[in-house]
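Trainee: Dropping in work.cif, with mmCIF, C-alpha atoms.
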data_data
loop_
_atom_site.group_PDB
_atom_site.id
_atom_site.type_symbol
_atom_site.label_atom_id
_atom_site.label_comp_id
_atom_site.auth_asym_id
_atom_site.auth_seq_id
_atom_site.Cartn_x
_atom_site.Cartn_y
_atom_site.Cartn_z
ATOM 1 C CA MET D 1 -7.326 82.148 -43.299
ATOM 2 C CA GLY D 2 -10.460 82.919 -41.267
ATOM 3 C CA LEU D 3 -13.431 80.567 -41.050
ATOM 4 C CA PHE D 4 -15.581 82.528 -43.499
ATOM 5 C CA ASP D 5 -12.675 82.936 -45.928
ATOM 6 C CA LYS D 6 -12.112 79.179 -45.827
ATOM 7 C CA ILE D 7 -15.759 78.491 -46.572
ATOM 8 C CA LYS D 8 -15.794 81.119 -49.320
ATOM 9 C CA SER D 9 -12.655 79.631 -50.872
ATOM 10 C CA GLY D 10 -14.022 76.095 -50.655
ATOM 11 C CA LEU D 11 -17.263 77.090 -52.351
ATOM 12 C CA GLN D 12 -15.500 78.880 -55.218
ATOM 13 C CA LYS D 13 -16.812 76.570 -57.947
ATOM 14 C CA THR D 14 -20.402 76.910 -56.768
ATOM 15 C CA ARG D 15 -20.031 80.668 -56.346
ATOM 16 C CA ASN D 16 -18.469 81.174 -59.771
ATOM 17 C CA ALA D 17 -21.319 79.349 -61.450
ATOM 18 C CA PHE D 18 -24.200 80.652 -59.348
ATOM 19 C CA SER D 19 -23.147 84.217 -58.634
ATOM 20 C CA GLY D 20 -22.205 84.821 -62.266
ATOM 21 C CA ARG D 21 -25.649 83.759 -63.440
ATOM 22 C CA MET D 22 -27.299 85.846 -60.725
ATOM 23 C CA ASP D 23 -25.316 88.927 -61.785
ATOM 24 C CA GLU D 24 -26.417 88.417 -65.391
ATOM 25 C CA LEU D 25 -30.021 88.049 -64.271
ATOM 26 C CA VAL D 26 -29.923 91.306 -62.313
ATOM 27 C CA GLU D 27 -28.287 93.123 -65.242
ATOM 28 C CA ASN D 28 -30.707 91.764 -67.842
ATOM 29 C CA TYR D 29 -33.910 92.709 -66.071
ATOM 30 C CA LYS D 30 -35.173 96.123 -65.029
ATOM 31 C CA GLU D 31 -38.322 94.809 -63.355
ATOM 32 C CA LEU D 32 -39.603 91.666 -61.684
ATOM 33 C CA ASP D 33 -41.832 89.969 -64.254
ATOM 34 C CA ASP D 34 -42.707 86.321 -64.908
ATOM 35 C CA ASP D 35 -39.657 85.874 -67.120
ATOM 36 C CA PHE D 36 -37.390 87.079 -64.314
ATOM 37 C CA TYR D 37 -38.811 84.546 -61.871
ATOM 38 C CA GLU D 38 -38.681 81.765 -64.468
ATOM 39 C CA ASP D 39 -35.009 82.448 -65.222
ATOM 40 C CA LEU D 40 -34.265 82.609 -61.499
ATOM 41 C CA THR D 41 -35.888 79.195 -61.002
ATOM 42 C CA ASP D 42 -33.668 77.761 -63.744
ATOM 43 C CA ILE D 43 -30.547 79.220 -62.098
ATOM 44 C CA LEU D 44 -31.437 77.599 -58.772
ATOM 45 C CA ILE D 45 -32.121 74.254 -60.423
ATOM 46 C CA MET D 46 -28.740 74.368 -62.212
ATOM 47 C CA ALA D 47 -27.115 74.898 -58.813
ATOM 48 C CA ASP D 48 -28.720 71.584 -57.716
ATOM 49 C CA VAL D 49 -31.203 73.225 -55.385
ATOM 50 C CA GLY D 50 -33.753 70.875 -56.967
ATOM 51 C CA VAL D 51 -37.092 71.635 -58.599
ATOM 52 C CA PRO D 52 -39.309 71.532 -55.458
ATOM 53 C CA THR D 53 -36.964 73.741 -53.431
ATOM 54 C CA ALA D 54 -36.313 76.149 -56.311
ATOM 55 C CA GLU D 55 -40.037 76.586 -56.837
ATOM 56 C CA LEU D 56 -40.592 77.087 -53.098
ATOM 57 C CA ALA D 57 -37.846 79.726 -52.838
ATOM 58 C CA VAL D 58 -39.086 81.630 -55.887
ATOM 59 C CA SER D 59 -42.685 81.456 -54.655
ATOM 60 C CA ARG D 60 -41.626 82.944 -51.311
ATOM 61 C CA LEU D 61 -39.642 85.605 -53.145
ATOM 62 C CA ARG D 62 -42.671 86.560 -55.229
ATOM 63 C CA GLU D 63 -44.753 86.929 -52.073
ATOM 64 C CA LYS D 64 -42.077 88.938 -50.272
ATOM 65 C CA CYS D 65 -41.495 91.288 -53.204
ATOM 66 C CA LYS D 66 -45.225 91.848 -53.566
ATOM 67 C CA ALA D 67 -45.801 92.417 -49.853
ATOM 68 C CA GLU D 68 -42.814 94.749 -49.452
ATOM 69 C CA LYS D 69 -43.262 96.413 -52.853
ATOM 70 C CA ILE D 70 -39.810 95.336 -54.062
ATOM 71 C CA GLY D 71 -39.458 95.995 -57.787
ATOM 72 C CA ASN D 72 -35.686 96.167 -58.133
ATOM 73 C CA PRO D 73 -33.892 92.948 -59.231
ATOM 74 C CA GLN D 74 -30.908 93.747 -56.997
ATOM 75 C CA LYS D 75 -33.204 94.090 -53.977
ATOM 76 C CA ALA D 76 -34.884 90.831 -55.005
ATOM 77 C CA ARG D 77 -31.449 89.170 -55.072
ATOM 78 C CA GLU D 78 -30.835 90.308 -51.495
ATOM 79 C CA ALA D 79 -34.278 89.081 -50.445
ATOM 80 C CA LEU D 80 -33.582 85.676 -52.014
ATOM 81 C CA GLN D 81 -30.450 85.316 -49.889
ATOM 82 C CA GLN D 82 -32.463 85.652 -46.692
ATOM 83 C CA ILE D 83 -35.080 83.199 -47.961
ATOM 84 C CA LEU D 84 -32.401 80.580 -48.604
ATOM 85 C CA VAL D 85 -30.874 81.214 -45.170
ATOM 86 C CA ASP D 86 -34.311 80.689 -43.607
ATOM 87 C CA ILE D 87 -34.734 77.382 -45.468
ATOM 88 C CA LEU D 88 -31.311 76.147 -44.341
ATOM 89 C CA TRP D 89 -31.404 77.333 -40.735
ATOM 90 C CA ALA D 90 -31.642 74.777 -37.924
ATOM 91 C CA GLU D 91 -31.064 74.671 -34.200
ATOM 92 C CA PRO D 92 -27.433 73.749 -33.448
ATOM 93 C CA MET D 93 -26.784 70.056 -32.864
ATOM 94 C CA GLN D 94 -26.337 69.220 -29.208
ATOM 95 C CA LEU D 95 -23.395 66.927 -28.445
ATOM 96 C CA SER D 96 -24.038 65.472 -25.024
ATOM 97 C CA SER D 97 -21.613 63.431 -22.960
ATOM 98 C CA PRO D 98 -21.401 60.494 -23.146
ATOM 99 C CA MET D 99 -22.606 60.057 -26.718
ATOM 100 C CA VAL D 100 -22.432 57.370 -29.380
ATOM 101 C CA LEU D 101 -22.506 58.870 -32.862
ATOM 102 C CA LEU D 102 -23.034 56.524 -35.812
ATOM 103 C CA ILE D 103 -21.452 57.800 -39.032
ATOM 104 C CA ILE D 104 -23.399 56.464 -42.007
ATOM 105 C CA GLY D 105 -23.035 56.705 -45.787
ATOM 106 C CA VAL D 106 -22.325 54.748 -48.954
ATOM 107 C CA ASN D 107 -18.771 53.791 -49.823
ATOM 108 C CA GLY D 108 -16.761 56.487 -51.551
ATOM 109 C CA VAL D 109 -18.461 59.567 -50.113
ATOM 110 C CA GLY D 110 -15.593 60.420 -47.750
ATOM 111 C CA LYS D 111 -16.940 58.696 -44.644
ATOM 112 C CA THR D 112 -13.547 57.573 -43.352
ATOM 113 C CA THR D 113 -11.942 60.998 -43.776
ATOM 114 C CA SER D 114 -14.990 62.672 -42.245
ATOM 115 C CA ILE D 115 -14.692 60.523 -39.123
ATOM 116 C CA GLY D 116 -11.025 61.458 -38.761
ATOM 117 C CA LYS D 117 -11.734 65.165 -39.261
ATOM 118 C CA LEU D 118 -14.698 65.116 -36.886
ATOM 119 C CA ALA D 119 -12.625 63.315 -34.250
ATOM 120 C CA SER D 120 -9.903 65.942 -34.594
ATOM 121 C CA ARG D 121 -12.415 68.785 -34.381
ATOM 122 C CA LEU D 122 -14.080 67.368 -31.267
ATOM 123 C CA LYS D 123 -10.697 66.826 -29.635
ATOM 124 C CA VAL D 124 -9.725 70.460 -30.298
ATOM 125 C CA LEU D 125 -12.970 71.421 -28.536
ATOM 126 C CA GLY D 126 -11.803 69.466 -25.484
ATOM 127 C CA ARG D 127 -13.847 66.286 -26.006
ATOM 128 C CA ARG D 128 -12.417 62.849 -25.271
ATOM 129 C CA VAL D 129 -13.037 60.845 -28.443
ATOM 130 C CA ILE D 130 -12.729 57.176 -29.405
ATOM 131 C CA ILE D 131 -13.224 55.842 -32.939
ATOM 132 C CA CYS D 132 -14.878 52.471 -33.488
ATOM 133 C CA ALA D 133 -14.233 50.678 -36.820
ATOM 134 C CA GLY D 134 -17.714 49.191 -37.289
ATOM 135 C CA ASP D 135 -17.434 48.784 -41.074
ATOM 136 C CA THR D 136 -15.955 45.292 -41.087
ATOM 137 C CA PHE D 137 -17.152 44.366 -44.582
ATOM 138 C CA ARG D 138 -15.198 46.711 -46.812
ATOM 139 C CA ALA D 139 -11.636 45.561 -47.400
ATOM 140 C CA ALA D 140 -9.038 47.670 -45.565
ATOM 141 C CA ALA D 141 -11.716 49.951 -44.067
ATOM 142 C CA ALA D 142 -10.267 49.585 -40.572
ATOM 143 C CA ASP D 143 -6.730 50.172 -41.848
ATOM 144 C CA GLN D 144 -7.750 53.403 -43.565
ATOM 145 C CA LEU D 145 -9.625 54.534 -40.468
ATOM 146 C CA THR D 146 -6.559 53.763 -38.331
ATOM 147 C CA VAL D 147 -4.490 56.192 -40.425
ATOM 148 C CA TRP D 148 -7.006 58.969 -39.746
ATOM 149 C CA ALA D 149 -7.254 58.068 -36.057
ATOM 150 C CA GLU D 150 -3.486 58.434 -35.801
ATOM 151 C CA ARG D 151 -3.625 61.804 -37.589
ATOM 152 C CA ALA D 152 -6.286 62.984 -35.163
ATOM 153 C CA ASN D 153 -4.351 61.414 -32.285
ATOM 154 C CA VAL D 154 -7.366 59.530 -30.909
ATOM 155 C CA PRO D 155 -7.652 55.823 -30.002
ATOM 156 C CA ILE D 156 -9.399 53.357 -32.317
ATOM 157 C CA ILE D 157 -11.166 50.084 -31.523
ATOM 158 C CA LYS D 158 -11.183 47.528 -34.336
ATOM 159 C CA HIS D 159 -11.539 43.819 -35.111
ATOM 160 C CA GLN D 160 -10.501 41.665 -38.042
ATOM 161 C CA GLU D 161 -12.174 42.090 -41.425
ATOM 162 C CA GLY D 162 -15.523 40.263 -41.558
ATOM 163 C CA ALA D 163 -16.155 40.452 -37.801
ATOM 164 C CA ASP D 164 -19.616 41.182 -36.416
ATOM 165 C CA PRO D 165 -20.005 45.003 -36.387
ATOM 166 C CA ALA D 166 -22.101 44.840 -33.209
ATOM 167 C CA ALA D 167 -19.251 42.995 -31.457
ATOM 168 C CA VAL D 168 -16.840 45.776 -32.430
ATOM 169 C CA VAL D 169 -19.287 48.350 -31.095
ATOM 170 C CA PHE D 170 -19.575 46.349 -27.868
ATOM 171 C CA ASP D 171 -15.811 46.597 -27.381
ATOM 172 C CA GLY D 172 -15.918 50.273 -28.346
ATOM 173 C CA ILE D 173 -18.467 50.903 -25.620
ATOM 174 C CA GLN D 174 -16.321 49.139 -23.016
ATOM 175 C CA ALA D 175 -13.356 51.279 -24.062
ATOM 176 C CA ALA D 176 -15.471 54.446 -23.931
ATOM 177 C CA LYS D 177 -16.624 53.593 -20.425
ATOM 178 C CA GLY D 178 -13.160 52.642 -19.215
ATOM 179 C CA ARG D 179 -11.524 55.768 -20.611
ATOM 180 C CA HIS D 180 -14.410 58.100 -19.734
ATOM 181 C CA ALA D 181 -14.818 59.160 -23.345
ATOM 182 C CA ASP D 182 -17.250 61.908 -24.252
ATOM 183 C CA VAL D 183 -17.953 60.713 -27.796
ATOM 184 C CA LEU D 184 -17.700 57.292 -29.447
ATOM 185 C CA LEU D 185 -17.638 57.732 -33.241
ATOM 186 C CA VAL D 186 -18.783 54.542 -34.976
ATOM 187 C CA ASP D 187 -18.030 53.837 -38.632
ATOM 188 C CA THR D 188 -20.787 51.751 -40.245
ATOM 189 C CA ALA D 189 -21.018 49.702 -43.435
ATOM 190 C CA GLY D 190 -22.082 51.659 -46.509
ATOM 191 C CA ARG D 191 -23.991 49.076 -48.502
ATOM 192 C CA LEU D 192 -27.280 50.185 -50.031
ATOM 193 C CA HIS D 193 -27.920 47.271 -52.384
ATOM 194 C CA ASN D 194 -29.582 45.365 -49.533
ATOM 195 C CA LYS D 195 -31.551 47.902 -47.541
ATOM 196 C CA ALA D 196 -33.171 45.291 -45.316
ATOM 197 C CA HIS D 197 -29.784 43.902 -44.253
ATOM 198 C CA LEU D 198 -28.474 47.412 -43.607
ATOM 199 C CA MET D 199 -31.515 48.220 -41.491
ATOM 200 C CA GLU D 200 -31.084 45.069 -39.399
ATOM 201 C CA GLU D 201 -27.390 45.790 -38.897
ATOM 202 C CA LEU D 202 -28.086 49.326 -37.669
ATOM 203 C CA LYS D 203 -30.874 48.064 -35.410
ATOM 204 C CA LYS D 204 -28.511 45.477 -33.918
ATOM 205 C CA ILE D 205 -25.860 48.129 -33.244
ATOM 206 C CA SER D 206 -28.482 50.379 -31.673
ATOM 207 C CA ARG D 207 -29.692 47.570 -29.407
ATOM 208 C CA VAL D 208 -26.137 46.946 -28.202
ATOM 209 C CA VAL D 209 -25.708 50.651 -27.402
ATOM 210 C CA GLU D 210 -29.040 50.844 -25.566
ATOM 211 C CA ARG D 211 -28.318 47.684 -23.569
ATOM 212 C CA GLU D 212 -24.651 48.249 -22.741
ATOM 213 C CA TYR D 213 -24.505 52.047 -22.595
ATOM 214 C CA PRO D 214 -27.914 53.317 -21.454
ATOM 215 C CA GLU D 215 -26.413 56.487 -20.030
ATOM 216 C CA ALA D 216 -25.175 57.539 -23.483
ATOM 217 C CA SER D 217 -27.268 59.360 -26.052
ATOM 218 C CA LEU D 218 -27.346 57.749 -29.510
ATOM 219 C CA GLY D 219 -27.218 59.809 -32.687
ATOM 220 C CA ALA D 220 -26.398 59.396 -36.368
ATOM 221 C CA LEU D 221 -24.900 61.619 -39.060
ATOM 222 C CA LEU D 222 -25.100 60.837 -42.779
ATOM 223 C CA VAL D 223 -22.114 61.595 -45.014
ATOM 224 C CA ILE D 224 -23.019 62.745 -48.531
ATOM 225 C CA ASP D 225 -20.677 63.597 -51.397
ATOM 226 C CA ALA D 226 -21.803 66.983 -52.744
ATOM 227 C CA THR D 227 -20.448 66.183 -56.209
ATOM 228 C CA THR D 228 -23.091 63.469 -56.647
ATOM 229 C CA GLY D 229 -25.822 66.116 -56.671
ATOM 230 C CA GLN D 230 -29.367 64.788 -56.740
ATOM 231 C CA ASN D 231 -28.074 61.225 -56.252
ATOM 232 C CA GLY D 232 -26.987 62.397 -52.807
ATOM 233 C CA LEU D 233 -30.567 63.423 -52.116
ATOM 234 C CA ALA D 234 -31.725 59.937 -53.114
ATOM 235 C CA GLN D 235 -29.181 58.387 -50.711
ATOM 236 C CA ALA D 236 -30.389 60.640 -47.919
ATOM 237 C CA LYS D 237 -33.984 59.499 -48.494
ATOM 238 C CA VAL D 238 -33.018 55.832 -48.144
ATOM 239 C CA PHE D 239 -30.823 56.292 -45.075
ATOM 240 C CA SER D 240 -33.418 58.469 -43.351
ATOM 241 C CA GLU D 241 -35.701 55.421 -43.532
ATOM 242 C CA VAL D 242 -33.213 53.129 -41.786
ATOM 243 C CA ALA D 243 -31.580 55.442 -39.229
ATOM 244 C CA ASN D 244 -32.547 58.222 -36.848
ATOM 245 C CA LEU D 245 -30.460 60.925 -38.507
ATOM 246 C CA GLN D 246 -29.546 64.160 -36.726
ATOM 247 C CA GLY D 247 -28.138 65.703 -39.858
ATOM 248 C CA ILE D 248 -25.690 65.634 -42.745
ATOM 249 C CA ILE D 249 -21.945 65.887 -43.227
ATOM 250 C CA LEU D 250 -21.611 67.280 -46.754
ATOM 251 C CA THR D 251 -18.212 66.464 -48.251
ATOM 252 C CA LYS D 252 -16.252 67.582 -51.336
ATOM 253 C CA LEU D 253 -18.053 70.915 -51.592
ATOM 254 C CA ASP D 254 -14.809 72.354 -52.909
ATOM 255 C CA GLY D 255 -15.062 70.043 -55.917
ATOM 256 C CA THR D 256 -18.500 70.917 -57.255
ATOM 257 C CA ALA D 257 -20.356 73.837 -58.822
ATOM 258 C CA LYS D 258 -23.621 72.510 -57.403
ATOM 259 C CA GLY D 259 -23.434 73.260 -53.684
ATOM 260 C CA GLY D 260 -27.167 73.961 -53.701
ATOM 261 C CA ILE D 261 -27.745 70.302 -52.860
ATOM 262 C CA ALA D 262 -27.447 71.341 -49.192
ATOM 263 C CA ILE D 263 -30.583 73.457 -49.596
ATOM 264 C CA ALA D 264 -32.463 70.635 -51.349
ATOM 265 C CA ILE D 265 -31.673 68.124 -48.602
ATOM 266 C CA ARG D 266 -32.716 70.533 -45.873
ATOM 267 C CA ASN D 267 -35.997 71.441 -47.531
ATOM 268 C CA GLU D 268 -37.088 68.089 -48.951
ATOM 269 C CA LEU D 269 -35.988 65.817 -46.092
ATOM 270 C CA GLY D 270 -35.871 68.204 -43.153
ATOM 271 C CA LEU D 271 -32.258 67.154 -42.507
ATOM 272 C CA PRO D 272 -29.928 70.002 -41.524
ATOM 273 C CA VAL D 273 -26.341 70.100 -42.708
ATOM 274 C CA ARG D 274 -24.145 69.922 -39.602
ATOM 275 C CA TYR D 275 -20.639 69.957 -41.079
ATOM 276 C CA ILE D 276 -19.139 70.635 -44.494
ATOM 277 C CA GLY D 277 -15.935 69.218 -45.987
ATOM 278 C CA LEU D 278 -13.828 71.679 -47.950
ATOM 279 C CA GLY D 279 -10.578 69.826 -48.593
ATOM 280 C CA GLU D 280 -8.290 66.977 -47.599
ATOM 281 C CA GLN D 281 -6.554 68.445 -44.545
ATOM 282 C CA LEU D 282 -7.401 67.418 -40.991
ATOM 283 C CA ASP D 283 -8.936 70.827 -40.219
ATOM 284 C CA ASP D 284 -10.900 71.107 -43.477
ATOM 285 C CA MET D 285 -14.211 70.124 -41.891
ATOM 286 C CA GLN D 286 -16.174 73.155 -40.735
ATOM 287 C CA PRO D 287 -19.413 73.504 -38.789
ATOM 288 C CA PHE D 288 -22.211 74.530 -41.101
ATOM 289 C CA ASP D 289 -23.506 78.088 -40.810
ATOM 290 C CA ALA D 290 -26.498 78.862 -43.045
ATOM 291 C CA LYS D 291 -25.806 82.583 -43.312
ATOM 292 C CA GLU D 292 -22.094 82.151 -44.113
ATOM 293 C CA PHE D 293 -22.882 79.388 -46.597
ATOM 294 C CA VAL D 294 -25.397 81.473 -48.566
ATOM 295 C CA SER D 295 -23.159 84.559 -48.422
ATOM 296 C CA ALA D 296 -20.264 82.518 -49.820
ATOM 297 C CA ILE D 297 -22.428 81.216 -52.683
ATOM 298 C CA PHE D 298 -23.649 84.706 -53.535
ATOM 299 C CA GLY D 299 -20.096 86.047 -53.438
ATOM 300 C CA ASP D 300 -20.659 88.587 -50.659
#
Would you encode the structure as structure tokens?
Mentor:
Amino acid sequence: MGLFDKIKSGLQKTRNAFSGRMDELVENYKELDDDFYEDLTDILIMADVGVPTAELAVSRLREKCKAEKIGNPQKAREALQQILVDILWAEPMQLSSPMVLLIIGVNGVGKTTSIGKLASRLKVLGRRVIICAGDTFRAAAADQLTVWAERANVPIIKHQEGADPAAVVFDGIQAAKGRHADVLLVDTAGRLHNKAHLMEELKKISRVVEREYPEASLGALLVIDATTGQNGLAQAKVFSEVANLQGIILTKLDGTAKGGIAIAIRNELGLPVRYIGLGEQLDDMQPFDAKEFVSAIFGD
């Protein structure tokens, strides 16, 4: 299965819901009037694009159709696709070497599996990768991460449960230096109930990286479960306050009919989606491509 086919297959639930409604909209209207745009806004909101982003996209569509004298609903549908691509588009993420990449997210979003998949993907691309089990608070977190490290065939640095996360990161850095690793992937605790504590923990980890590994660039990716919809957007808002995020890993897209959350996050928070999770296999994480994503949702 090719990359686009995999993305299209993974987004089947979103496509079935969204594309079906779009087809009905195009069939039901002969011209672009206020009712057409109102119904289109509702369709976007039901796809979890969110009210602000839906209104922005429809406003841009109105302007485009007026400026280019588009009066055909089918042509408007095609114009909307490009508008959504433009909203989602971002410069590709640069992975320098050496690099420390913090993987952040609440418990249950697929953080552990995402780290394993990302490690595997980077290794396939020829990068030397080490995983660091920095979430020492959640029971069995390191054990679960070890399973994925073994699947990806990359080394893992871990301590006992309850250890100081910064101390684990310190050892991870020494291993990365000694083994000339390109990327150190660091799992972090996913507790949001105490934002201040989370912020201090991330700051402490960052200080250790800056002190012990000044030659490495430091980045962070946030893992969000697409099935949580607008709650995922709320999580992204909180984490963007406590970490310097380079983007999003959006998981479980194959399990939701509301894949539009990717568009909401990009527009409302300015955070680009970097990778998408479309299943449970090691190679089921794919780099995000705005054009392919929108085409898959529209069923093209």
Trainee: Show me, as a Markdown table, the residues of segment 232-298 of chain D having an atom within 10 Å of segment 95-103 of chain D, each with the closest atom pair and its distance in Å, using all atoms listed in the file.
Mentor:
| residue | atom | partner | partner_atom | distance |
| --- | --- | --- | --- | --- |
| D:Ala243 | CA | D:Leu102 | CA | 9.3 |
| D:Asn244 | CA | D:Leu102 | CA | 9.7 |
| D:Leu245 | CA | D:Leu102 | CA | 9.0 |
| D:Gln246 | CA | D:Leu101 | CA | 9.6 |
| D:Ile248 | CA | D:Ile103 | CA | 9.6 |
| D:Ile249 | CA | D:Ile103 | CA | 9.1 |
Trainee: Evaluated on this file, the PyMOL selection byres ((chain D and resi 147) around 12) picks out some residues - which ones are they, written as a list in words?
Mentor: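 Output from the PyMOL selection byres ((chain D and resi 147) around 12), applied to this file: Thr112, Thr113, Ile115, Gly116, Lys117, Ile131, Ala133, Ala140, Ala141, Ala142, Asp143, Gln144, Leu145, Thr146, Trp148, Ala149, Glu150, Arg151, Ala152, Asn153, Val154, Pro155, Ile156 and Leu282 of chain D.
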Trainee: Find the residue from D:Met22, D:Val124, D:Leu253, D:Ala220 that sits nearest to Ser240 of chain D; use only C-alpha atoms when measuring.
Mentor: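 Once distances to Ser240 of chain D are computed over only C-alpha atoms, the minimum belongs to D:Ala220.
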Trainee: By how many Å are atom CA of Asp39 of chain D and atom CA of Ala57 of chain D apart?
Mentor: 13.0 Å
Trainee: Can you work out the spacing between atom CA of Lys8 of chain D and atom CA of Ala236 of chain D in Å, to one decimal?
Mentor: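 One can read the atom CA of Lys8 of chain D to atom CA of Ala236 of chain D distance as 25.2 Å.
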Trainee: When the PyMOL selection byres ((chain D and resi 181) around 8) is applied to the structure above, which residues does it catch, written out as an mmCIF file with C-alpha atoms, in the frame of the given file?
Mentor:
data_model
loop_
_atom_site.group_PDB
_atom_site.id
_atom_site.type_symbol
_atom_site.label_atom_id
_atom_site.label_comp_id
_atom_site.auth_asym_id
_atom_site.auth_seq_id
_atom_site.Cartn_x
_atom_site.Cartn_y
_atom_site.Cartn_z
ATOM 1 C CA PRO D 98 -21.401 60.494 -23.146
ATOM 2 C CA ARG D 127 -13.847 66.286 -26.006
ATOM 3 C CA ARG D 128 -12.417 62.849 -25.271
ATOM 4 C CA VAL D 129 -13.037 60.845 -28.443
ATOM 5 C CA ILE D 130 -12.729 57.176 -29.405
ATOM 6 C CA ALA D 176 -15.471 54.446 -23.931
ATOM 7 C CA LYS D 177 -16.624 53.593 -20.425
ATOM 8 C CA GLY D 178 -13.160 52.642 -19.215
ATOM 9 C CA ARG D 179 -11.524 55.768 -20.611
ATOM 10 C CA HIS D 180 -14.410 58.100 -19.734
ATOM 11 C CA ASP D 182 -17.250 61.908 -24.252
ATOM 12 C CA VAL D 183 -17.953 60.713 -27.796
ATOM 13 C CA LEU D 184 -17.700 57.292 -29.447
#
Trainee: Between D:Thr228, D:Gln82, D:Thr14, D:Asn72, single out the one closest to Ala290 of chain D, counting all atoms listed in the file.
Mentor: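 Closest to Ala290 of chain D, using all atoms listed in the file: D:Gln82.
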Trainee: Report, in Å with one decimal, the straight-line distance from atom CA of Asp225 of chain D to atom CA of Gly247 of chain D.
Mentor: 13.9 Å
Trainee: Which one is closest to Pro214 of chain D: D:Gln286, D:Leu118, D:Ile173, D:Arg60? Count all atoms listed in the file.
Mentor: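 The answer is D:Ile173, which sits nearest to Pro214 of chain D.
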Trainee: Counting only C-alpha atoms, figure out which residue out of D:Glu201, D:Asp34, D:Asp187, D:Asp284 gets nearest to Ala166 of chain D.
Mentor: D:Glu201
Trainee: Give as a ChimeraX atom specification the residues that the PyMOL selection byres ((chain D and resi 23) around 12) matches when applied to the coordinates above.
Mentor: /D:15-22,24-29,40,43,73-74,76-78,298-299
Trainee: Produce a file of the selected residues containing C-alpha atoms, as a short mmCIF file (atom, residue, chain, number, x, y, z; two decimals), in the frame of the given file.
Mentor:
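And here's again_25.cif as it stands now:
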data_model
loop_
_atom_site.label_atom_id
_atom_site.label_comp_id
_atom_site.auth_asym_id
_atom_site.auth_seq_id
_atom_site.Cartn_x
_atom_site.Cartn_y
_atom_site.Cartn_z
CA ARG D 15 -20.03 80.67 -56.35
CA ASN D 16 -18.47 81.17 -59.77
CA ALA D 17 -21.32 79.35 -61.45
CA PHE D 18 -24.20 80.65 -59.35
CA SER D 19 -23.15 84.22 -58.63
CA GLY D 20 -22.20 84.82 -62.27
CA ARG D 21 -25.65 83.76 -63.44
CA MET D 22 -27.30 85.85 -60.72
CA GLU D 24 -26.42 88.42 -65.39
CA LEU D 25 -30.02 88.05 -64.27
CA VAL D 26 -29.92 91.31 -62.31
CA GLU D 27 -28.29 93.12 -65.24
CA ASN D 28 -30.71 91.76 -67.84
CA TYR D 29 -33.91 92.71 -66.07
CA LEU D 40 -34.26 82.61 -61.50
CA ILE D 43 -30.55 79.22 -62.10
CA PRO D 73 -33.89 92.95 -59.23
CA GLN D 74 -30.91 93.75 -57.00
CA ALA D 76 -34.88 90.83 -55.00
CA ARG D 77 -31.45 89.17 -55.07
CA GLU D 78 -30.84 90.31 -51.50
CA PHE D 298 -23.65 84.71 -53.54
CA GLY D 299 -20.10 86.05 -53.44
#
Trainee: When distances are computed from only C-alpha atoms, which of D:Ala47, D:Val238, D:Ala54, D:Val186 shows the smallest separation from Ala119 of chain D?
Mentor: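 Once distances to Ala119 of chain D are computed over only C-alpha atoms, the minimum belongs to D:Val186.
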Trainee: Give the padded box for segment 4-23 of chain D as AutoDock Vina command-line options: axis-aligned, covering all atoms listed in the file, 3 Å on each side, centre and edge lengths in Å to one decimal.
Mentor:
--center_x -19.7 --center_y 82.5 --center_z -53.5 --size_x 21.2 --size_y 18.8 --size_z 25.9
